[in-house]
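Printed here is my_file25.pdb (PDB, C-alpha atoms):
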ATOM      1  CA  MET A   1    -101.658 145.341 100.186  1.00  0.00           C
ATOM      2  CA  LEU A   2     -98.109 145.066  98.924  1.00  0.00           C
ATOM      3  CA  ARG A   3     -96.443 148.279  97.821  1.00  0.00           C
ATOM      4  CA  HIS A   4     -93.176 148.467  95.929  1.00  0.00           C
ATOM      5  CA  LEU A   5     -90.542 150.856  94.643  1.00  0.00           C
ATOM      6  CA  SER A   6     -87.616 150.000  92.369  1.00  0.00           C
ATOM      7  CA  HIS A   7     -84.265 151.763  92.490  1.00  0.00           C
ATOM      8  CA  PRO A   8     -81.791 150.888  89.685  1.00  0.00           C
ATOM      9  CA  VAL A   9     -78.253 150.162  90.876  1.00  0.00           C
ATOM     10  CA  THR A  10     -74.941 149.152  89.259  1.00  0.00           C
ATOM     11  CA  PRO A  11     -73.946 150.026  85.668  1.00  0.00           C
ATOM     12  CA  LEU A  12     -76.407 147.323  84.553  1.00  0.00           C
ATOM     13  CA  ALA A  13     -79.322 149.282  86.072  1.00  0.00           C
ATOM     14  CA  GLN A  14     -80.429 146.333  88.173  1.00  0.00           C
ATOM     15  CA  ASN A  15     -83.790 146.890  89.845  1.00  0.00           C
ATOM     16  CA  ALA A  16     -83.224 146.751  93.577  1.00  0.00           C
ATOM     17  CA  THR A  17     -86.835 146.669  94.731  1.00  0.00           C
ATOM     18  CA  LEU A  18     -88.244 147.753  98.075  1.00  0.00           C
ATOM     19  CA  ILE A  19     -91.452 145.943  98.967  1.00  0.00           C
ATOM     20  CA  TRP A  20     -93.562 146.566 102.040  1.00  0.00           C
ATOM     21  CA  CYS A  21     -96.862 145.852 103.757  1.00  0.00           C
ATOM     22  CA  ASP A  22     -98.938 149.031 103.756  1.00  0.00           C
ATOM     23  CA  VAL A  23    -100.677 148.003 106.995  1.00  0.00           C
ATOM     24  CA  THR A  24     -97.669 147.247 109.203  1.00  0.00           C
ATOM     25  CA  GLY A  25     -94.863 149.061 107.379  1.00  0.00           C
ATOM     26  CA  ALA A  26     -92.725 145.909 107.431  1.00  0.00           C
ATOM     27  CA  GLY A  27     -90.546 145.758 104.337  1.00  0.00           C
ATOM     28  CA  ALA A  28     -87.719 144.041 102.510  1.00  0.00           C
ATOM     29  CA  TRP A  29     -85.198 144.887  99.836  1.00  0.00           C
ATOM     30  CA  VAL A  30     -85.252 142.386  96.992  1.00  0.00           C
ATOM     31  CA  ASP A  31     -81.878 142.006  95.253  1.00  0.00           C
ATOM     32  CA  PRO A  32     -79.876 144.884  96.766  1.00  0.00           C
ATOM     33  CA  GLY A  33     -77.094 144.863  94.206  1.00  0.00           C
ATOM     34  CA  ALA A  34     -75.210 148.010  95.272  1.00  0.00           C
ATOM     35  CA  ASP A  35     -75.387 151.276  97.230  1.00  0.00           C
ATOM     36  CA  ALA A  36     -76.379 149.918 100.637  1.00  0.00           C
ATOM     37  CA  ALA A  37     -76.463 153.359 102.279  1.00  0.00           C
ATOM     38  CA  ASP A  38     -78.752 154.742  99.585  1.00  0.00           C
ATOM     39  CA  LEU A  39     -81.097 151.774  99.915  1.00  0.00           C
ATOM     40  CA  ALA A  40     -81.314 152.180 103.682  1.00  0.00           C
ATOM     41  CA  GLN A  41     -82.082 155.885 103.233  1.00  0.00           C
ATOM     42  CA  ILE A  42     -84.816 155.180 100.679  1.00  0.00           C
ATOM     43  CA  ALA A  43     -86.503 152.803 103.116  1.00  0.00           C
ATOM     44  CA  ARG A  44     -86.405 155.458 105.838  1.00  0.00           C
ATOM     45  CA  GLU A  45     -87.847 158.078 103.489  1.00  0.00           C
ATOM     46  CA  GLN A  46     -90.743 155.746 102.674  1.00  0.00           C
ATOM     47  CA  GLY A  47     -91.387 155.061 106.352  1.00  0.00           C
ATOM     48  CA  VAL A  48     -90.596 151.375 105.857  1.00  0.00           C
ATOM     49  CA  ARG A  49     -89.311 149.250 108.718  1.00  0.00           C
ATOM     50  CA  LEU A  50     -86.870 146.839 107.100  1.00  0.00           C
ATOM     51  CA  ASP A  51     -87.441 143.260 108.187  1.00  0.00           C
ATOM     52  CA  LYS A  52     -85.330 141.150 105.816  1.00  0.00           C
ATOM     53  CA  ILE A  53     -83.429 140.936 102.541  1.00  0.00           C
ATOM     54  CA  LEU A  54     -84.722 138.680  99.775  1.00  0.00           C
ATOM     55  CA  LEU A  55     -82.509 137.347  96.974  1.00  0.00           C
ATOM     56  CA  THR A  56     -83.731 135.911  93.680  1.00  0.00           C
ATOM     57  CA  HIS A  57     -80.323 134.579  92.607  1.00  0.00           C
ATOM     58  CA  GLY A  58     -76.604 134.858  93.178  1.00  0.00           C
ATOM     59  CA  HIS A  59     -75.287 137.152  90.451  1.00  0.00           C
ATOM     60  CA  LEU A  60     -73.219 140.069  91.714  1.00  0.00           C
ATOM     61  CA  ASP A  61     -75.430 142.825  90.302  1.00  0.00           C
ATOM     62  CA  HIS A  62     -78.283 141.413  92.419  1.00  0.00           C
ATOM     63  CA  VAL A  63     -76.438 140.710  95.678  1.00  0.00           C
ATOM     64  CA  GLY A  64     -73.469 143.091  95.824  1.00  0.00           C
ATOM     65  CA  ALA A  65     -74.727 145.240  98.726  1.00  0.00           C
ATOM     66  CA  THR A  66     -76.448 142.425 100.596  1.00  0.00           C
ATOM     67  CA  ALA A  67     -73.844 141.740 103.264  1.00  0.00           C
ATOM     68  CA  GLU A  68     -73.338 145.440 104.059  1.00  0.00           C
ATOM     69  CA  LEU A  69     -77.051 146.207 104.213  1.00  0.00           C
ATOM     70  CA  ALA A  70     -77.675 143.150 106.378  1.00  0.00           C
ATOM     71  CA  ARG A  71     -74.904 144.161 108.761  1.00  0.00           C
ATOM     72  CA  VAL A  72     -75.873 147.824 109.054  1.00  0.00           C
ATOM     73  CA  ALA A  73     -79.615 147.201 109.418  1.00  0.00           C
ATOM     74  CA  GLY A  74     -79.398 143.895 111.295  1.00  0.00           C
ATOM     75  CA  LEU A  75     -81.379 141.974 108.670  1.00  0.00           C
ATOM     76  CA  PRO A  76     -81.586 138.265 107.882  1.00  0.00           C
ATOM     77  CA  ILE A  77     -80.803 137.233 104.309  1.00  0.00           C
ATOM     78  CA  ILE A  78     -83.459 134.989 102.784  1.00  0.00           C
ATOM     79  CA  GLY A  79     -82.907 133.070  99.541  1.00  0.00           C
ATOM     80  CA  PRO A  80     -82.167 132.087  96.918  1.00  0.00           C
ATOM     81  CA  HIS A  81     -82.408 128.302  96.427  1.00  0.00           C
ATOM     82  CA  ARG A  82     -79.377 126.326  97.629  1.00  0.00           C
ATOM     83  CA  ALA A  83     -78.466 125.466  94.026  1.00  0.00           C
ATOM     84  CA  ASP A  84     -77.100 129.017  93.711  1.00  0.00           C
ATOM     85  CA  ALA A  85     -74.481 128.430  96.417  1.00  0.00           C
ATOM     86  CA  PHE A  86     -72.031 128.109  93.511  1.00  0.00           C
ATOM     87  CA  TRP A  87     -72.625 131.724  92.505  1.00  0.00           C
ATOM     88  CA  LEU A  88     -72.542 133.086  96.055  1.00  0.00           C
ATOM     89  CA  ASP A  89     -69.278 131.240  96.724  1.00  0.00           C
ATOM     90  CA  GLN A  90     -67.878 132.812  93.550  1.00  0.00           C
ATOM     91  CA  LEU A  91     -68.613 136.419  94.550  1.00  0.00           C
ATOM     92  CA  PRO A  92     -64.884 137.304  94.831  1.00  0.00           C
ATOM     93  CA  ASN A  93     -64.371 136.126  91.239  1.00  0.00           C
ATOM     94  CA  GLN A  94     -67.507 137.910  90.073  1.00  0.00           C
ATOM     95  CA  ALA A  95     -66.233 141.141  91.638  1.00  0.00           C
ATOM     96  CA  ARG A  96     -62.930 140.833  89.755  1.00  0.00           C
ATOM     97  CA  VAL A  97     -64.795 140.335  86.476  1.00  0.00           C
ATOM     98  CA  PHE A  98     -66.945 143.411  87.172  1.00  0.00           C
ATOM     99  CA  GLY A  99     -63.882 145.424  88.215  1.00  0.00           C
ATOM    100  CA  VAL A 100     -65.240 146.312  91.662  1.00  0.00           C
ATOM    101  CA  PRO A 101     -63.674 145.896  95.131  1.00  0.00           C
ATOM    102  CA  GLU A 102     -63.633 142.305  96.306  1.00  0.00           C
ATOM    103  CA  ILE A 103     -66.816 140.978  97.870  1.00  0.00           C
ATOM    104  CA  PRO A 104     -66.506 137.939 100.149  1.00  0.00           C
ATOM    105  CA  PRO A 105     -68.578 134.779  99.631  1.00  0.00           C
ATOM    106  CA  LEU A 106     -72.098 135.003 101.005  1.00  0.00           C
ATOM    107  CA  THR A 107     -74.197 132.433 102.824  1.00  0.00           C
ATOM    108  CA  PRO A 108     -77.873 133.319 103.408  1.00  0.00           C
ATOM    109  CA  ASP A 109     -79.520 132.846 106.769  1.00  0.00           C
ATOM    110  CA  GLN A 110     -82.180 130.789 104.996  1.00  0.00           C
ATOM    111  CA  TRP A 111     -82.208 128.944 101.687  1.00  0.00           C
ATOM    112  CA  LEU A 112     -85.558 128.713  99.920  1.00  0.00           C
ATOM    113  CA  GLU A 113     -87.373 125.824  98.267  1.00  0.00           C
ATOM    114  CA  ASP A 114     -90.192 125.753  95.748  1.00  0.00           C
ATOM    115  CA  GLY A 115     -93.469 126.138  97.622  1.00  0.00           C
ATOM    116  CA  ASP A 116     -91.998 127.997 100.594  1.00  0.00           C
ATOM    117  CA  ARG A 117     -93.726 131.107 101.892  1.00  0.00           C
ATOM    118  CA  VAL A 118     -92.142 134.296 103.205  1.00  0.00           C
ATOM    119  CA  GLU A 119     -94.060 136.443 105.674  1.00  0.00           C
ATOM    120  CA  LEU A 120     -93.782 140.224 105.506  1.00  0.00           C
ATOM    121  CA  GLY A 121     -96.105 142.019 107.913  1.00  0.00           C
ATOM    122  CA  GLU A 122     -99.591 140.840 106.935  1.00  0.00           C
ATOM    123  CA  LEU A 123     -98.374 139.711 103.514  1.00  0.00           C
ATOM    124  CA  THR A 124     -97.407 136.244 102.390  1.00  0.00           C
ATOM    125  CA  LEU A 125     -95.071 135.806  99.428  1.00  0.00           C
ATOM    126  CA  ASP A 126     -95.106 132.497  97.584  1.00  0.00           C
ATOM    127  CA  VAL A 127     -91.724 131.161  96.475  1.00  0.00           C
ATOM    128  CA  LEU A 128     -91.341 129.577  93.044  1.00  0.00           C
ATOM    129  CA  HIS A 129     -88.076 127.854  92.127  1.00  0.00           C
ATOM    130  CA  CYS A 130     -87.438 128.962  88.527  1.00  0.00           C
ATOM    131  CA  PRO A 131     -84.079 127.636  87.306  1.00  0.00           C
ATOM    132  CA  GLY A 132     -82.560 128.297  83.920  1.00  0.00           C
ATOM    133  CA  HIS A 133     -80.813 131.657  84.233  1.00  0.00           C
ATOM    134  CA  THR A 134     -79.119 130.218  87.316  1.00  0.00           C
ATOM    135  CA  PRO A 135     -79.863 126.839  88.915  1.00  0.00           C
ATOM    136  CA  GLY A 136     -81.141 128.306  92.186  1.00  0.00           C
ATOM    137  CA  HIS A 137     -83.154 131.245  90.897  1.00  0.00           C
ATOM    138  CA  VAL A 138     -86.414 131.921  92.748  1.00  0.00           C
ATOM    139  CA  VAL A 139     -89.385 134.179  92.064  1.00  0.00           C
ATOM    140  CA  PHE A 140     -91.493 135.889  94.759  1.00  0.00           C
ATOM    141  CA  HIS A 141     -95.234 136.174  94.129  1.00  0.00           C
ATOM    142  CA  GLU A 142     -97.822 138.004  96.225  1.00  0.00           C
ATOM    143  CA  PRO A 143    -101.198 136.671  95.059  1.00  0.00           C
ATOM    144  CA  ALA A 144    -103.448 139.333  96.610  1.00  0.00           C
ATOM    145  CA  SER A 145    -101.574 142.137  94.860  1.00  0.00           C
ATOM    146  CA  ARG A 146    -101.048 140.094  91.688  1.00  0.00           C
ATOM    147  CA  LEU A 147     -97.398 141.082  91.666  1.00  0.00           C
ATOM    148  CA  ALA A 148     -94.314 138.943  91.050  1.00  0.00           C
ATOM    149  CA  LEU A 149     -90.636 139.766  91.452  1.00  0.00           C
ATOM    150  CA  VAL A 150     -88.991 137.636  88.800  1.00  0.00           C
ATOM    151  CA  GLY A 151     -85.317 138.620  88.856  1.00  0.00           C
ATOM    152  CA  ASP A 152     -83.631 137.701  85.586  1.00  0.00           C
ATOM    153  CA  VAL A 153     -86.044 134.993  84.432  1.00  0.00           C
ATOM    154  CA  LEU A 154     -88.203 137.276  82.288  1.00  0.00           C
ATOM    155  CA  PHE A 155     -88.050 140.889  81.057  1.00  0.00           C
ATOM    156  CA  HIS A 156     -90.248 143.216  79.080  1.00  0.00           C
ATOM    157  CA  GLY A 157     -89.552 141.977  75.554  1.00  0.00           C
ATOM    158  CA  ALA A 158     -86.796 139.557  76.513  1.00  0.00           C
ATOM    159  CA  ILE A 159     -85.837 136.587  78.674  1.00  0.00           C
ATOM    160  CA  GLY A 160     -82.842 135.843  80.859  1.00  0.00           C
ATOM    161  CA  ARG A 161     -79.599 134.536  79.470  1.00  0.00           C
ATOM    162  CA  SER A 162     -78.834 130.875  79.986  1.00  0.00           C
ATOM    163  CA  ASP A 163     -75.262 130.795  78.669  1.00  0.00           C
ATOM    164  CA  PHE A 164     -73.654 131.518  82.036  1.00  0.00           C
ATOM    165  CA  PRO A 165     -72.155 128.591  83.994  1.00  0.00           C
ATOM    166  CA  HIS A 166     -74.919 126.245  85.182  1.00  0.00           C
ATOM    167  CA  GLY A 167     -77.533 127.972  83.025  1.00  0.00           C
ATOM    168  CA  ASN A 168     -80.022 125.844  81.123  1.00  0.00           C
ATOM    169  CA  GLY A 169     -82.213 127.083  78.269  1.00  0.00           C
ATOM    170  CA  ARG A 170     -84.740 124.277  78.482  1.00  0.00           C
ATOM    171  CA  GLU A 171     -85.219 124.840  82.212  1.00  0.00           C
ATOM    172  CA  LEU A 172     -85.584 128.588  81.666  1.00  0.00           C
ATOM    173  CA  LEU A 173     -88.359 128.036  79.151  1.00  0.00           C
ATOM    174  CA  GLU A 174     -90.099 125.571  81.471  1.00  0.00           C
ATOM    175  CA  SER A 175     -89.836 128.031  84.357  1.00  0.00           C
ATOM    176  CA  ILE A 176     -91.516 130.768  82.351  1.00  0.00           C
ATOM    177  CA  THR A 177     -94.271 128.717  80.767  1.00  0.00           C
ATOM    178  CA  GLY A 178     -94.810 126.301  83.648  1.00  0.00           C
ATOM    179  CA  LYS A 179     -94.394 128.565  86.681  1.00  0.00           C
ATOM    180  CA  LEU A 180     -95.036 132.166  85.578  1.00  0.00           C
ATOM    181  CA  TRP A 181     -97.766 131.941  82.945  1.00  0.00           C
ATOM    182  CA  PRO A 182    -100.136 130.037  85.289  1.00  0.00           C
ATOM    183  CA  LEU A 183    -100.049 133.026  87.673  1.00  0.00           C
ATOM    184  CA  GLY A 184    -102.365 134.813  85.245  1.00  0.00           C
ATOM    185  CA  ASP A 185    -102.155 137.254  82.354  1.00  0.00           C
ATOM    186  CA  ASP A 186    -103.088 140.174  84.614  1.00  0.00           C
ATOM    187  CA  THR A 187    -100.202 139.543  87.013  1.00  0.00           C
ATOM    188  CA  ARG A 188     -97.699 142.391  86.893  1.00  0.00           C
ATOM    189  CA  PHE A 189     -94.045 141.591  87.308  1.00  0.00           C
ATOM    190  CA  VAL A 190     -90.924 143.499  88.327  1.00  0.00           C
ATOM    191  CA  PRO A 191     -87.936 142.201  86.347  1.00  0.00           C
ATOM    192  CA  GLY A 192     -84.319 142.403  87.394  1.00  0.00           C
ATOM    193  CA  HIS A 193     -83.674 145.044  84.739  1.00  0.00           C
ATOM    194  CA  GLY A 194     -85.858 147.387  82.735  1.00  0.00           C
ATOM    195  CA  PRO A 195     -89.533 148.312  82.967  1.00  0.00           C
ATOM    196  CA  GLU A 196     -92.357 146.352  84.538  1.00  0.00           C
ATOM    197  CA  SER A 197     -94.806 144.414  82.407  1.00  0.00           C
ATOM    198  CA  THR A 198     -97.539 141.791  82.742  1.00  0.00           C
ATOM    199  CA  PHE A 199     -97.420 138.128  81.876  1.00  0.00           C
ATOM    200  CA  GLY A 200    -100.277 138.663  79.447  1.00  0.00           C
ATOM    201  CA  ALA A 201     -98.369 141.373  77.586  1.00  0.00           C
ATOM    202  CA  GLU A 202     -95.323 139.129  77.283  1.00  0.00           C
ATOM    203  CA  ARG A 203     -97.402 136.200  76.054  1.00  0.00           C
ATOM    204  CA  ARG A 204     -98.771 138.465  73.338  1.00  0.00           C
ATOM    205  CA  SER A 205     -95.550 140.110  72.186  1.00  0.00           C
ATOM    206  CA  ASN A 206     -92.344 138.714  73.696  1.00  0.00           C
ATOM    207  CA  PRO A 207     -90.174 137.669  70.707  1.00  0.00           C
ATOM    208  CA  PHE A 208     -88.460 134.917  72.679  1.00  0.00           C
ATOM    209  CA  VAL A 209     -91.201 133.284  74.728  1.00  0.00           C
ATOM    210  CA  GLY A 210     -94.512 134.784  73.613  1.00  0.00           C
ATOM    211  CA  ASP A 211     -97.199 132.401  72.427  1.00  0.00           C
ATOM    212  CA  ALA A 212     -96.531 133.166  68.762  1.00  0.00           C
ATOM    213  CA  ALA A 213     -92.771 132.779  69.193  1.00  0.00           C
ATOM    214  CA  LEU A 214     -93.191 129.400  70.882  1.00  0.00           C
ATOM    215  CA  ALA A 215     -95.622 128.219  68.232  1.00  0.00           C
ATOM    216  CA  ALA A 216     -92.990 129.052  65.639  1.00  0.00           C
ATOM    217  CA  GLY A 217     -90.259 127.217  67.533  1.00  0.00           C
ATOM    218  CA  GLY A 218     -89.167 130.029  69.805  1.00  0.00           C
ATOM    219  CA  ALA A 219     -85.663 130.782  70.978  1.00  0.00           C
ATOM    220  CA  PRO A 220     -85.553 129.203  74.432  1.00  0.00           C
ATOM    221  CA  GLY A 221     -82.611 130.166  76.555  1.00  0.00           C
ATOM    222  CA  ARG A 222     -81.280 132.879  74.253  1.00  0.00           C
ATOM    223  CA  GLY A 223     -82.074 135.966  76.239  1.00  0.00           C
ATOM    224  CA  ARG A 224     -81.298 139.399  74.924  1.00  0.00           C
ATOM    225  CA  PHE A 225     -79.822 141.214  77.901  1.00  0.00           C
ATOM    226  CA  TYR A 226     -78.754 139.821  81.264  1.00  0.00           C
TER
END
Could you write out this structure as structure tokens?
Amino acid sequence: MLRHLSHPVTPLAQNATLIWCDVTGAGAWVDPGADAADLAQIAREQGVRLDKILLTHGHLDHVGATAELARVAGLPIIGPHRADAFWLDQLPNQARVFGVPEIPPLTPDQWLEDGDRVELGELTLDVLHCPGHTPGHVVFHEPASRLALVGDVLFHGAIGRSDFPHGNGRELLESITGKLWPLGDDTRFVPGHGPESTFGAERRSNPFVGDAALAAGGAPGRGRFY
């Protein structure tokens, strides 16, 4: 069974999420945006043996501590989709905008494609390419646990912004309705920011992409937060 623990980092309270296999103890940090030393300590406290780092997309608040954590713990960096190379190449500029010390460009050890699978102990995570917020955004889904890590595609009561460079509102809407909703209403998801929810709850009440909102014309691509 997959277990998980989220630890908000950065002033944007980005959910860096530790996931692990409860049989083998093999784990990964998903989107380690800051505080590499704290993240490594949390993994040790949970008895998790870190195996890799997984990235949903290339925005600084999701990747800021990746290189340091990878170096200190000797971890490969997996994801996102190659279409987010633009954002990872722009990390020095992103750092200047955020007002933090410069972060060099980042190249993962492995880019991901839609339909790929990532092994973690006895777990298998399915990879879904979900562009819109960024062109190379991916979502990780563990079917047995009915849990998805969706980054900034979808939030409790909101959706991701699509007005950043290379964002696309139509693609974001298609990613949510075409890739996430088919995973099932009872699937719980960990967003990049804010509390967890289920796809069913968002279909019932999300003012941007819920069923009622879409029937009324919706507001695709106009996310509320990040």
Note to self: What's the separation between CA of Thr124 in chain A and CA of Glu171 in chain A, in Å to one decimal place?
What the structure shows: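 Taking CA of Thr124 in chain A and CA of Glu171 in chain A, their separation equals 26.2 Å.
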Near Tyr226 in chain A, counting only C-alpha atoms, which residues have an atom at most 7 Å away, once you skip same-chain residues fewer than 6 positions from it, shown as a PyMOL selection string?
-> chain A and resi 152+160-161
Across A:Leu2, A:Ala34, A:Ala215, A:Ala26, the smallest distance to Ala148 in chain A, with all atoms listed in the file counted, is shown by A:Leu2
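Applying the 12 Å criterion to (-90.3, 154.6, 105.8) in file coordinates and using only C-alpha atoms, one obtains the residues Arg3, His4, Leu5, Leu18, Ile19, Trp20, Cys21, Asp22, Thr24, Gly25, Ala26, Gly27, Ala28, Leu39, Ala40, Gln41, Ile42, Ala43, Arg44, Glu45, Gln46, Gly47, Val48, Arg49, Leu50 and Asp51 of chain A.
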* Using all atoms listed in the file: which of A:Leu154, A:Val190, A:Ala95, A:Val209 has the shortest distance to Asp31 in chain A ->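 Smallest distance to Asp31 in chain A is found for A:Val190.
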Assuming the chain letters and numbering stay as they are in my file, what does the PyMOL selection byres ((chain A and resi 81) around 9) actually select? List them as a CSV table (one decimal) with C-alpha atoms, keeping the file's coordinate frame.
chain,number,residue,atom,x,y,z
A,56,THR,CA,-83.7,135.9,93.7
A,57,HIS,CA,-80.3,134.6,92.6
A,79,GLY,CA,-82.9,133.1,99.5
A,80,PRO,CA,-82.2,132.1,96.9
A,82,ARG,CA,-79.4,126.3,97.6
A,83,ALA,CA,-78.5,125.5,94.0
A,84,ASP,CA,-77.1,129.0,93.7
A,85,ALA,CA,-74.5,128.4,96.4
A,110,GLN,CA,-82.2,130.8,105.0
A,111,TRP,CA,-82.2,128.9,101.7
A,112,LEU,CA,-85.6,128.7,99.9
A,113,GLU,CA,-87.4,125.8,98.3
A,114,ASP,CA,-90.2,125.8,95.7
A,129,HIS,CA,-88.1,127.9,92.1
A,135,PRO,CA,-79.9,126.8,88.9
A,136,GLY,CA,-81.1,128.3,92.2
A,137,HIS,CA,-83.2,131.2,90.9
A,138,VAL,CA,-86.4,131.9,92.7
Review point. CA of Glu122 in chain A and CA of Pro143 in chain A are how many Å apart?
Key: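 Spanning CA of Glu122 in chain A to CA of Pro143 in chain A is a straight-line distance of 12.7 Å.
Counting from CA of Pro104 in chain A, the distance to CA of Asp35 in chain A is 16.3 Å.
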Q. Which protein, DNA or RNA residues are at most 12 Å from (-74.5, 139.4, 93.4) in the file's coordinates when you count only C-alpha atoms, listed as a ChimeraX atom specification?
A. /A:9-10,14,16,30-34,55-67,80,84-95,97-98,100,102-107,134,151,192
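For the residues A:Lys179, A:Arg96, A:Arg203, A:Lys52, ranking by smallest atom-to-atom distance to Gly121 in chain A using only C-alpha atoms places A:Lys52 first.
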>> Here is a test: counting only C-alpha atoms, which residue of A:Arg188, A:His141, A:His193, A:Arg146 is nearest to Ile159 in chain A?
In response: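 Smallest separation from Ile159 in chain A among the options: A:His193.
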Of A:Leu54, A:Pro8, A:Pro76, A:Ala144, the one nearest to Pro191 in chain A when counting only C-alpha atoms is A:Pro8
